[in-house]
$ cat run08.cif   # mmCIF, C-alpha atoms, pLDDT in the B column; chains and numbers go by the auth columns
data_work
loop_
_atom_site.group_PDB
_atom_site.id
_atom_site.type_symbol
_atom_site.label_atom_id
_atom_site.label_comp_id
_atom_site.label_asym_id
_atom_site.label_seq_id
_atom_site.Cartn_x
_atom_site.Cartn_y
_atom_site.Cartn_z
_atom_site.B_iso_or_equiv
_atom_site.auth_seq_id
_atom_site.auth_asym_id
ATOM 1 C CA MET A 1 0.000 0.000 0.000 76.00 16 A
ATOM 2 C CA PRO A 2 1.546 3.335 -1.053 87.00 17 A
ATOM 3 C CA LEU A 3 2.095 5.878 1.693 94.00 18 A
ATOM 4 C CA ILE A 4 3.138 9.487 2.098 97.00 19 A
ATOM 5 C CA ARG A 5 5.519 10.317 4.915 97.00 20 A
ATOM 6 C CA LEU A 6 8.021 12.905 6.033 97.00 21 A
ATOM 7 C CA ALA A 7 11.455 12.538 4.421 98.00 22 A
ATOM 8 C CA THR A 8 14.594 11.666 6.369 97.00 23 A
ATOM 9 C CA PRO A 9 18.269 12.023 5.403 98.00 24 A
ATOM 10 C CA GLU A 10 18.286 8.250 4.801 98.00 25 A
ATOM 11 C CA ASP A 11 16.179 8.944 1.671 98.00 26 A
ATOM 12 C CA GLY A 12 19.125 10.757 0.071 98.00 27 A
ATOM 13 C CA ASP A 13 20.187 7.986 -2.317 98.00 28 A
ATOM 14 C CA ALA A 14 16.633 7.411 -3.553 98.00 29 A
ATOM 15 C CA PHE A 15 16.099 11.139 -4.043 98.00 30 A
ATOM 16 C CA ALA A 16 19.341 11.418 -6.019 98.00 31 A
ATOM 17 C CA GLU A 17 18.064 8.694 -8.371 98.00 32 A
ATOM 18 C CA ILE A 18 14.666 10.381 -8.776 98.00 33 A
ATOM 19 C CA TYR A 19 16.178 13.827 -9.366 98.00 34 A
ATOM 20 C CA ARG A 20 19.012 12.819 -11.713 98.00 35 A
ATOM 21 C CA PRO A 21 16.956 12.827 -14.979 97.00 36 A
ATOM 22 C CA ALA A 22 15.887 16.427 -14.310 97.00 37 A
ATOM 23 C CA VAL A 23 19.565 17.439 -14.241 98.00 38 A
ATOM 24 C CA VAL A 24 21.342 15.238 -16.782 97.00 39 A
ATOM 25 C CA GLY A 25 20.504 16.121 -20.380 92.00 40 A
ATOM 26 C CA SER A 26 17.508 18.225 -19.340 96.00 41 A
ATOM 27 C CA PRO A 27 16.879 21.920 -18.646 97.00 42 A
ATOM 28 C CA ILE A 28 14.161 21.103 -16.075 97.00 43 A
ATOM 29 C CA SER A 29 16.666 21.760 -13.292 97.00 44 A
ATOM 30 C CA PHE A 30 19.307 24.450 -13.708 98.00 45 A
ATOM 31 C CA GLU A 31 21.827 22.356 -11.805 98.00 46 A
ATOM 32 C CA ILE A 32 24.659 21.138 -14.041 97.00 47 A
ATOM 33 C CA GLU A 33 25.937 18.159 -12.036 97.00 48 A
ATOM 34 C CA PRO A 34 23.447 15.795 -10.385 97.00 49 A
ATOM 35 C CA PRO A 35 23.807 15.757 -6.604 98.00 50 A
ATOM 36 C CA ASP A 36 24.689 12.437 -4.985 98.00 51 A
ATOM 37 C CA GLY A 37 22.873 10.784 -2.104 98.00 52 A
ATOM 38 C CA ALA A 38 24.974 12.519 0.535 98.00 53 A
ATOM 39 C CA GLU A 39 24.173 15.945 -0.903 98.00 54 A
ATOM 40 C CA MET A 40 20.463 15.126 -1.135 98.00 55 A
ATOM 41 C CA ALA A 41 20.555 13.960 2.498 98.00 56 A
ATOM 42 C CA ARG A 42 22.134 17.294 3.454 98.00 57 A
ATOM 43 C CA ARG A 43 19.375 19.152 1.599 98.00 58 A
ATOM 44 C CA VAL A 44 16.664 17.148 3.347 98.00 59 A
ATOM 45 C CA THR A 45 18.204 18.002 6.723 98.00 60 A
ATOM 46 C CA GLY A 46 18.220 21.697 5.843 97.00 61 A
ATOM 47 C CA VAL A 47 14.614 21.756 4.621 97.00 62 A
ATOM 48 C CA ILE A 48 12.993 19.717 7.396 96.00 63 A
ATOM 49 C CA ALA A 49 14.449 22.042 9.996 94.00 64 A
ATOM 50 C CA ARG A 50 11.540 24.309 9.044 96.00 65 A
ATOM 51 C CA PHE A 51 9.465 23.054 6.094 98.00 66 A
ATOM 52 C CA PRO A 52 7.795 19.800 5.054 98.00 67 A
ATOM 53 C CA TRP A 53 9.641 17.481 2.657 98.00 68 A
ATOM 54 C CA LEU A 54 7.378 14.566 1.798 98.00 69 A
ATOM 55 C CA VAL A 55 8.021 11.172 0.228 98.00 70 A
ATOM 56 C CA PHE A 56 5.687 8.968 -1.788 97.00 71 A
ATOM 57 C CA GLU A 57 6.683 5.412 -0.924 96.00 72 A
ATOM 58 C CA ASP A 58 5.482 2.298 -2.766 93.00 73 A
ATOM 59 C CA ASP A 59 6.567 -1.246 -1.869 91.00 74 A
ATOM 60 C CA GLY A 60 9.093 0.243 0.543 93.00 75 A
ATOM 61 C CA LEU A 61 10.738 2.395 -2.164 95.00 76 A
ATOM 62 C CA ALA A 62 10.697 6.170 -2.477 97.00 77 A
ATOM 63 C CA ARG A 63 9.049 6.928 -5.819 97.00 78 A
ATOM 64 C CA GLY A 64 8.558 10.665 -5.576 98.00 79 A
ATOM 65 C CA TYR A 65 9.054 13.647 -3.328 98.00 80 A
ATOM 66 C CA ALA A 66 7.763 17.169 -2.831 98.00 81 A
ATOM 67 C CA TYR A 67 9.028 19.900 -0.569 98.00 82 A
ATOM 68 C CA ALA A 68 8.619 23.543 0.320 98.00 83 A
ATOM 69 C CA GLY A 69 11.244 26.170 0.970 97.00 84 A
ATOM 70 C CA THR A 70 11.780 29.859 1.523 97.00 85 A
ATOM 71 C CA HIS A 71 10.364 32.089 -1.217 96.00 86 A
ATOM 72 C CA ARG A 72 12.504 35.106 -0.351 95.00 87 A
ATOM 73 C CA ALA A 73 14.638 35.897 2.679 94.00 88 A
ATOM 74 C CA ARG A 74 13.175 39.237 3.805 97.00 89 A
ATOM 75 C CA PRO A 75 10.667 39.037 6.676 96.00 90 A
ATOM 76 C CA ALA A 76 7.622 40.343 4.798 97.00 91 A
ATOM 77 C CA TYR A 77 7.793 37.296 2.496 97.00 92 A
ATOM 78 C CA GLN A 78 7.627 34.760 5.325 97.00 93 A
ATOM 79 C CA TRP A 79 4.014 33.697 4.609 97.00 94 A
ATOM 80 C CA SER A 80 4.981 32.513 1.113 97.00 95 A
ATOM 81 C CA ALA A 81 6.787 29.303 0.151 98.00 96 A
ATOM 82 C CA GLU A 82 8.278 27.867 -3.032 98.00 97 A
ATOM 83 C CA VAL A 83 7.359 24.291 -3.843 98.00 98 A
ATOM 84 C CA SER A 84 8.789 21.537 -6.034 98.00 99 A
ATOM 85 C CA ALA A 85 7.909 17.941 -6.817 98.00 100 A
ATOM 86 C CA TYR A 86 9.838 15.179 -8.594 98.00 101 A
ATOM 87 C CA VAL A 87 8.608 11.699 -9.485 97.00 102 A
ATOM 88 C CA HIS A 88 10.553 8.586 -10.491 97.00 103 A
ATOM 89 C CA GLU A 89 10.400 7.971 -14.245 93.00 104 A
ATOM 90 C CA THR A 90 8.510 4.696 -13.757 92.00 105 A
ATOM 91 C CA MET A 91 5.728 6.386 -11.746 92.00 106 A
ATOM 92 C CA ARG A 92 4.953 9.481 -13.804 91.00 107 A
ATOM 93 C CA ARG A 93 1.377 10.327 -14.830 90.00 108 A
ATOM 94 C CA ARG A 94 -0.076 8.116 -12.090 90.00 109 A
ATOM 95 C CA GLY A 95 -1.094 10.803 -9.610 94.00 110 A
ATOM 96 C CA VAL A 96 2.031 10.708 -7.424 97.00 111 A
ATOM 97 C CA ALA A 97 2.856 14.427 -7.725 97.00 112 A
ATOM 98 C CA ARG A 98 -0.792 15.367 -7.180 97.00 113 A
ATOM 99 C CA ALA A 99 -0.926 13.243 -4.012 97.00 114 A
ATOM 100 C CA LEU A 100 2.320 14.720 -2.681 98.00 115 A
ATOM 101 C CA TYR A 101 1.233 18.282 -3.402 98.00 116 A
ATOM 102 C CA THR A 102 -2.175 17.669 -1.811 98.00 117 A
ATOM 103 C CA SER A 103 -0.483 16.684 1.452 98.00 118 A
ATOM 104 C CA LEU A 104 2.158 19.406 1.165 98.00 119 A
ATOM 105 C CA PHE A 105 -0.406 22.200 0.683 98.00 120 A
ATOM 106 C CA ALA A 106 -2.476 20.963 3.612 98.00 121 A
ATOM 107 C CA MET A 107 0.616 21.035 5.827 98.00 122 A
ATOM 108 C CA LEU A 108 1.645 24.485 4.647 98.00 123 A
ATOM 109 C CA ARG A 109 -1.849 25.822 5.408 97.00 124 A
ATOM 110 C CA ALA A 110 -1.740 24.271 8.871 97.00 125 A
ATOM 111 C CA LEU A 111 1.659 25.902 9.463 97.00 126 A
ATOM 112 C CA GLY A 112 0.324 29.345 8.548 97.00 127 A
ATOM 113 C CA TYR A 113 1.488 29.844 4.948 97.00 128 A
ATOM 114 C CA CYS A 114 -0.721 31.856 2.605 97.00 129 A
ATOM 115 C CA ASN A 115 0.917 31.440 -0.825 97.00 130 A
ATOM 116 C CA ALA A 116 2.783 28.809 -2.824 98.00 131 A
ATOM 117 C CA TYR A 117 4.986 29.609 -5.811 98.00 132 A
ATOM 118 C CA ALA A 118 6.457 27.288 -8.434 98.00 133 A
ATOM 119 C CA GLY A 119 9.058 28.014 -11.106 98.00 134 A
ATOM 120 C CA ILE A 120 8.944 25.879 -14.271 98.00 135 A
ATOM 121 C CA THR A 121 11.539 25.807 -17.042 98.00 136 A
ATOM 122 C CA LEU A 122 9.671 26.304 -20.317 98.00 137 A
ATOM 123 C CA PRO A 123 8.423 24.542 -22.306 96.00 138 A
ATOM 124 C CA ASN A 124 7.162 21.828 -19.933 97.00 139 A
ATOM 125 C CA ALA A 125 3.527 21.054 -20.720 96.00 140 A
ATOM 126 C CA ALA A 126 3.296 18.225 -18.173 95.00 141 A
ATOM 127 C CA SER A 127 4.446 20.368 -15.245 97.00 142 A
ATOM 128 C CA VAL A 128 2.348 23.359 -16.321 98.00 143 A
ATOM 129 C CA GLY A 129 -0.708 21.098 -16.643 97.00 144 A
ATOM 130 C CA LEU A 130 -0.140 19.567 -13.205 97.00 145 A
ATOM 131 C CA HIS A 131 0.294 22.908 -11.454 98.00 146 A
ATOM 132 C CA GLU A 132 -2.669 24.551 -13.173 98.00 147 A
ATOM 133 C CA SER A 133 -4.897 21.543 -12.390 97.00 148 A
ATOM 134 C CA LEU A 134 -4.009 22.091 -8.723 97.00 149 A
ATOM 135 C CA GLY A 135 -5.056 25.739 -8.720 97.00 150 A
ATOM 136 C CA PHE A 136 -1.848 27.526 -9.711 98.00 151 A
ATOM 137 C CA ARG A 137 -2.133 30.444 -12.087 98.00 152 A
ATOM 138 C CA PRO A 138 0.648 31.984 -14.186 98.00 153 A
ATOM 139 C CA VAL A 139 2.094 35.275 -13.013 98.00 154 A
ATOM 140 C CA GLY A 140 4.988 35.878 -15.377 98.00 155 A
ATOM 141 C CA VAL A 141 8.024 34.633 -17.262 98.00 156 A
ATOM 142 C CA PHE A 142 11.711 35.320 -16.704 98.00 157 A
ATOM 143 C CA HIS A 143 12.956 35.308 -20.297 98.00 158 A
ATOM 144 C CA ASP A 144 16.335 33.715 -21.119 98.00 159 A
ATOM 145 C CA VAL A 145 17.118 33.579 -17.396 98.00 160 A
ATOM 146 C CA GLY A 146 19.219 30.401 -17.472 98.00 161 A
ATOM 147 C CA TYR A 147 21.822 28.975 -19.847 98.00 162 A
ATOM 148 C CA LYS A 148 22.168 25.196 -20.030 98.00 163 A
ATOM 149 C CA LEU A 149 22.806 22.581 -22.720 97.00 164 A
ATOM 150 C CA GLY A 150 23.946 25.181 -25.209 97.00 165 A
ATOM 151 C CA ARG A 151 20.940 27.483 -25.097 97.00 166 A
ATOM 152 C CA TRP A 152 19.047 30.050 -23.059 98.00 167 A
ATOM 153 C CA HIS A 153 15.875 29.016 -21.214 98.00 168 A
ATOM 154 C CA ASP A 154 12.811 30.826 -19.919 98.00 169 A
ATOM 155 C CA VAL A 155 11.331 30.116 -16.487 98.00 170 A
ATOM 156 C CA GLY A 156 7.641 30.685 -15.886 98.00 171 A
ATOM 157 C CA TRP A 157 6.281 31.413 -12.436 98.00 172 A
ATOM 158 C CA TRP A 158 2.970 30.205 -11.047 98.00 173 A
ATOM 159 C CA GLU A 159 1.204 31.074 -7.799 98.00 174 A
ATOM 160 C CA ARG A 160 -1.450 29.362 -5.700 98.00 175 A
ATOM 161 C CA PRO A 161 -3.222 30.767 -2.667 97.00 176 A
ATOM 162 C CA LEU A 162 -3.029 28.477 0.348 97.00 177 A
ATOM 163 C CA GLY A 163 -4.821 30.275 3.128 86.00 178 A
ATOM 164 C CA GLU A 164 -6.832 33.244 4.175 86.00 179 A
ATOM 165 C CA ARG A 165 -5.174 36.632 4.470 90.00 180 A
ATOM 166 C CA VAL A 166 -5.716 38.144 7.883 91.00 181 A
ATOM 167 C CA ALA A 167 -4.877 41.607 9.170 92.00 182 A
ATOM 168 C CA HIS A 168 -2.288 40.483 11.733 94.00 183 A
ATOM 169 C CA PRO A 169 -0.941 37.024 10.783 94.00 184 A
ATOM 170 C CA HIS A 170 1.145 35.021 13.201 95.00 185 A
ATOM 171 C CA PRO A 171 4.539 33.933 11.806 96.00 186 A
ATOM 172 C CA PRO A 172 4.397 30.478 10.209 97.00 187 A
ATOM 173 C CA ARG A 173 5.348 27.621 12.507 96.00 188 A
ATOM 174 C CA GLY A 174 8.074 25.063 11.841 96.00 189 A
ATOM 175 C CA ILE A 175 7.240 21.526 10.744 97.00 190 A
ATOM 176 C CA ASP A 176 8.223 20.130 14.156 96.00 191 A
ATOM 177 C CA ASP A 177 5.223 21.940 15.650 96.00 192 A
ATOM 178 C CA LEU A 178 2.888 20.021 13.321 96.00 193 A
ATOM 179 C CA ILE A 179 4.262 16.470 13.551 95.00 194 A
ATOM 180 C CA GLY A 180 2.033 14.217 15.627 95.00 195 A
ATOM 181 C CA THR A 181 -1.007 16.483 15.476 97.00 196 A
ATOM 182 C CA GLU A 182 -4.406 15.742 13.945 97.00 197 A
ATOM 183 C CA ALA A 183 -3.678 18.307 11.222 96.00 198 A
ATOM 184 C CA TYR A 184 -0.463 16.468 10.297 97.00 199 A
ATOM 185 C CA ASP A 185 -2.224 13.095 10.095 97.00 200 A
ATOM 186 C CA ALA A 186 -5.087 14.636 8.118 97.00 201 A
ATOM 187 C CA ALA A 187 -2.669 16.201 5.616 97.00 202 A
ATOM 188 C CA LEU A 188 -1.008 12.832 4.946 97.00 203 A
ATOM 189 C CA ALA A 189 -4.407 11.171 4.624 95.00 204 A
ATOM 190 C CA ASP A 190 -5.558 13.842 2.130 96.00 205 A
ATOM 191 C CA GLY A 191 -2.682 12.960 -0.188 96.00 206 A
ATOM 192 C CA ARG A 192 -3.331 9.226 0.065 93.00 207 A
ATOM 193 C CA ARG A 193 -7.012 9.762 -0.741 93.00 208 A
ATOM 194 C CA SER A 194 -6.049 11.899 -3.718 90.00 209 A
ATOM 195 C CA PHE A 195 -3.845 9.104 -5.073 90.00 210 A
ATOM 196 C CA HIS A 196 -6.526 6.436 -4.672 79.00 211 A
ATOM 197 C CA ALA A 197 -9.342 8.606 -6.063 71.00 212 A
#
$ encode --input "run08.cif" --output "structure tokens"
Amino acid sequence: MPLIRLATPEDGDAFAEIYRPAVVGSPISFEIEPPDGAEMARRVTGVIARFPWLVFEDDGLARGYAYAGTHRARPAYQWSAEVSAYVHETMRRRGVARALYTSLFAMLRALGYCNAYAGITLPNAASVGLHESLGFRPVGVFHDVGYKLGRWHDVGWWERPLGERVAHPHPPRGIDDLIGTEAYDAALADGRRSFHA
């Protein structure tokens, strides 16, 4: 039975395998060299100090992941997060990214975030279709912003509201404050239901 859970540094090798095709021979990621398992483990440790990083696991194997991170460093941006999702080549177009994002957005709302942003190297019809089906709307394009594989690439930006805007919002909480709560369990269950729907 597939499950969605919080990532740990021990997932680093699996994440490196999932992420590699987005780096090697592809402009999807602007990284040039694919990170190894140790580097992915380091990244997980950095993210889960504050944000959710979720894993889709099937038959005991990590088959996809999604995470949130800081949108911008200045304090007024703190209610916004950037999100990304990657799925193993053998599991694409089966609802894995949708399930992960469903859980991720529920957790971000529970933590106090109001906006999610996603950057997509263009063209990428599959990623654009996924994000727009989940309520993202386009807000602009950075033209020729990255150079990789012998050419310049555009990056489009999409936004999705997550929560209500209030006059005096409390700062978002860290993921540790959510783990073990009903809201945390409900967020994981929302993603599983999305996958099985």
$ closest_residue --input "run08.cif" --among "A:Leu164, A:Ile63, A:Val154, A:Leu69" --to "Val39 of chain A" --atoms "all atoms listed in the file"
A:Leu164
$ resolve_selection --input "run08.cif" --expression "the PyMOL selection byres ((chain A and resi 45-52) around 6)" --output "ChimeraX atom specification"
/A:27-28,31,35,38,44,53-55
$ write_last_selection --input "run08.cif" --atoms "C-alpha atoms" --output "PDB file, keeping the file's coordinate frame"
ATOM      1  CA  GLY A  27      19.125  10.757   0.071  1.00 98.00           C
ATOM      2  CA  ASP A  28      20.187   7.986  -2.317  1.00 98.00           C
ATOM      3  CA  ALA A  31      19.341  11.418  -6.019  1.00 98.00           C
ATOM      4  CA  ARG A  35      19.012  12.819 -11.713  1.00 98.00           C
ATOM      5  CA  VAL A  38      19.565  17.439 -14.241  1.00 98.00           C
ATOM      6  CA  SER A  44      16.666  21.760 -13.292  1.00 97.00           C
ATOM      7  CA  ALA A  53      24.974  12.519   0.535  1.00 98.00           C
ATOM      8  CA  GLU A  54      24.173  15.945  -0.903  1.00 98.00           C
ATOM      9  CA  MET A  55      20.463  15.126  -1.135  1.00 98.00           C
TER      10      MET A  55
END
$ residues_around --input "run08.cif" --residues "Ala202 of chain A" --least-positions-apart "5" --cutoff "9 Å" --atoms "only C-alpha atoms" --output "list in words"
Thr117, Ser118, Leu119, Phe120, Ala121, Met122, Ala125, Glu197 and Arg207 of chain A
$ atom_distance --input "run08.cif" --atom1 "atom CA of Pro187 of chain A" --atom2 "atom CA of Ala77 of chain A"
28.1 Å
$ residues_around --input "run08.cif" --residues "Arg180 of chain A" --least-positions-apart "6" --cutoff "12 Å" --atoms "all atoms listed in the file" --output "PyMOL selection string"
chain A and resi 94-95+124+127-130
$ resolve_selection --input "run08.cif" --expression "the PyMOL selection byres ((chain A and resi 43) around 12)" --output "number ranges by chain"
A: 34-42, 44-47, 99-101, 134-142, 161-164, 168-171
$ write_last_selection --input "run08.cif" --atoms "C-alpha atoms" --output "PDB file, in the frame of the given file"
ATOM      1  CA  TYR A  34      16.178  13.827  -9.366  1.00 98.00           C
ATOM      2  CA  ARG A  35      19.012  12.819 -11.713  1.00 98.00           C
ATOM      3  CA  PRO A  36      16.956  12.827 -14.979  1.00 97.00           C
ATOM      4  CA  ALA A  37      15.887  16.427 -14.310  1.00 97.00           C
ATOM      5  CA  VAL A  38      19.565  17.439 -14.241  1.00 98.00           C
ATOM      6  CA  VAL A  39      21.342  15.238 -16.782  1.00 97.00           C
ATOM      7  CA  GLY A  40      20.504  16.121 -20.380  1.00 92.00           C
ATOM      8  CA  SER A  41      17.508  18.225 -19.340  1.00 96.00           C
ATOM      9  CA  PRO A  42      16.879  21.920 -18.646  1.00 97.00           C
ATOM     10  CA  SER A  44      16.666  21.760 -13.292  1.00 97.00           C
ATOM     11  CA  PHE A  45      19.307  24.450 -13.708  1.00 98.00           C
ATOM     12  CA  GLU A  46      21.827  22.356 -11.805  1.00 98.00           C
ATOM     13  CA  ILE A  47      24.659  21.138 -14.041  1.00 97.00           C
ATOM     14  CA  SER A  99       8.789  21.537  -6.034  1.00 98.00           C
ATOM     15  CA  ALA A 100       7.909  17.941  -6.817  1.00 98.00           C
ATOM     16  CA  TYR A 101       9.838  15.179  -8.594  1.00 98.00           C
ATOM     17  CA  GLY A 134       9.058  28.014 -11.106  1.00 98.00           C
ATOM     18  CA  ILE A 135       8.944  25.879 -14.271  1.00 98.00           C
ATOM     19  CA  THR A 136      11.539  25.807 -17.042  1.00 98.00           C
ATOM     20  CA  LEU A 137       9.671  26.304 -20.317  1.00 98.00           C
ATOM     21  CA  PRO A 138       8.423  24.542 -22.306  1.00 96.00           C
ATOM     22  CA  ASN A 139       7.162  21.828 -19.933  1.00 97.00           C
ATOM     23  CA  ALA A 140       3.527  21.054 -20.720  1.00 96.00           C
ATOM     24  CA  ALA A 141       3.296  18.225 -18.173  1.00 95.00           C
ATOM     25  CA  SER A 142       4.446  20.368 -15.245  1.00 97.00           C
ATOM     26  CA  GLY A 161      19.219  30.401 -17.472  1.00 98.00           C
ATOM     27  CA  TYR A 162      21.822  28.975 -19.847  1.00 98.00           C
ATOM     28  CA  LYS A 163      22.168  25.196 -20.030  1.00 98.00           C
ATOM     29  CA  LEU A 164      22.806  22.581 -22.720  1.00 97.00           C
ATOM     30  CA  HIS A 168      15.875  29.016 -21.214  1.00 98.00           C
ATOM     31  CA  ASP A 169      12.811  30.826 -19.919  1.00 98.00           C
ATOM     32  CA  VAL A 170      11.331  30.116 -16.487  1.00 98.00           C
ATOM     33  CA  GLY A 171       7.641  30.685 -15.886  1.00 98.00           C
TER      34      GLY A 171
END
$ residues_around --input "run08.cif" --residues "Phe71 of chain A" --least-positions-apart "4" --cutoff "12 Å" --atoms "all atoms listed in the file" --output "ChimeraX atom specification"
/A:16-22,26,29-30,33,75-82,100-103,106,109-119,203,206-207,210
$ write_last_selection --input "run08.cif" --atoms "C-alpha atoms" --output "PDB file, in the frame of the given file"
ATOM      1  CA  MET A  16       0.000   0.000   0.000  1.00 76.00           C
ATOM      2  CA  PRO A  17       1.546   3.335  -1.053  1.00 87.00           C
ATOM      3  CA  LEU A  18       2.095   5.878   1.693  1.00 94.00           C
ATOM      4  CA  ILE A  19       3.138   9.487   2.098  1.00 97.00           C
ATOM      5  CA  ARG A  20       5.519  10.317   4.915  1.00 97.00           C
ATOM      6  CA  LEU A  21       8.021  12.905   6.033  1.00 97.00           C
ATOM      7  CA  ALA A  22      11.455  12.538   4.421  1.00 98.00           C
ATOM      8  CA  ASP A  26      16.179   8.944   1.671  1.00 98.00           C
ATOM      9  CA  ALA A  29      16.633   7.411  -3.553  1.00 98.00           C
ATOM     10  CA  PHE A  30      16.099  11.139  -4.043  1.00 98.00           C
ATOM     11  CA  ILE A  33      14.666  10.381  -8.776  1.00 98.00           C
ATOM     12  CA  GLY A  75       9.093   0.243   0.543  1.00 93.00           C
ATOM     13  CA  LEU A  76      10.738   2.395  -2.164  1.00 95.00           C
ATOM     14  CA  ALA A  77      10.697   6.170  -2.477  1.00 97.00           C
ATOM     15  CA  ARG A  78       9.049   6.928  -5.819  1.00 97.00           C
ATOM     16  CA  GLY A  79       8.558  10.665  -5.576  1.00 98.00           C
ATOM     17  CA  TYR A  80       9.054  13.647  -3.328  1.00 98.00           C
ATOM     18  CA  ALA A  81       7.763  17.169  -2.831  1.00 98.00           C
ATOM     19  CA  TYR A  82       9.028  19.900  -0.569  1.00 98.00           C
ATOM     20  CA  ALA A 100       7.909  17.941  -6.817  1.00 98.00           C
ATOM     21  CA  TYR A 101       9.838  15.179  -8.594  1.00 98.00           C
ATOM     22  CA  VAL A 102       8.608  11.699  -9.485  1.00 97.00           C
ATOM     23  CA  HIS A 103      10.553   8.586 -10.491  1.00 97.00           C
ATOM     24  CA  MET A 106       5.728   6.386 -11.746  1.00 92.00           C
ATOM     25  CA  ARG A 109      -0.076   8.116 -12.090  1.00 90.00           C
ATOM     26  CA  GLY A 110      -1.094  10.803  -9.610  1.00 94.00           C
ATOM     27  CA  VAL A 111       2.031  10.708  -7.424  1.00 97.00           C
ATOM     28  CA  ALA A 112       2.856  14.427  -7.725  1.00 97.00           C
ATOM     29  CA  ARG A 113      -0.792  15.367  -7.180  1.00 97.00           C
ATOM     30  CA  ALA A 114      -0.926  13.243  -4.012  1.00 97.00           C
ATOM     31  CA  LEU A 115       2.320  14.720  -2.681  1.00 98.00           C
ATOM     32  CA  TYR A 116       1.233  18.282  -3.402  1.00 98.00           C
ATOM     33  CA  THR A 117      -2.175  17.669  -1.811  1.00 98.00           C
ATOM     34  CA  SER A 118      -0.483  16.684   1.452  1.00 98.00           C
ATOM     35  CA  LEU A 119       2.158  19.406   1.165  1.00 98.00           C
ATOM     36  CA  LEU A 203      -1.008  12.832   4.946  1.00 97.00           C
ATOM     37  CA  GLY A 206      -2.682  12.960  -0.188  1.00 96.00           C
ATOM     38  CA  ARG A 207      -3.331   9.226   0.065  1.00 93.00           C
ATOM     39  CA  PHE A 210      -3.845   9.104  -5.073  1.00 90.00           C
TER      40      PHE A 210
END
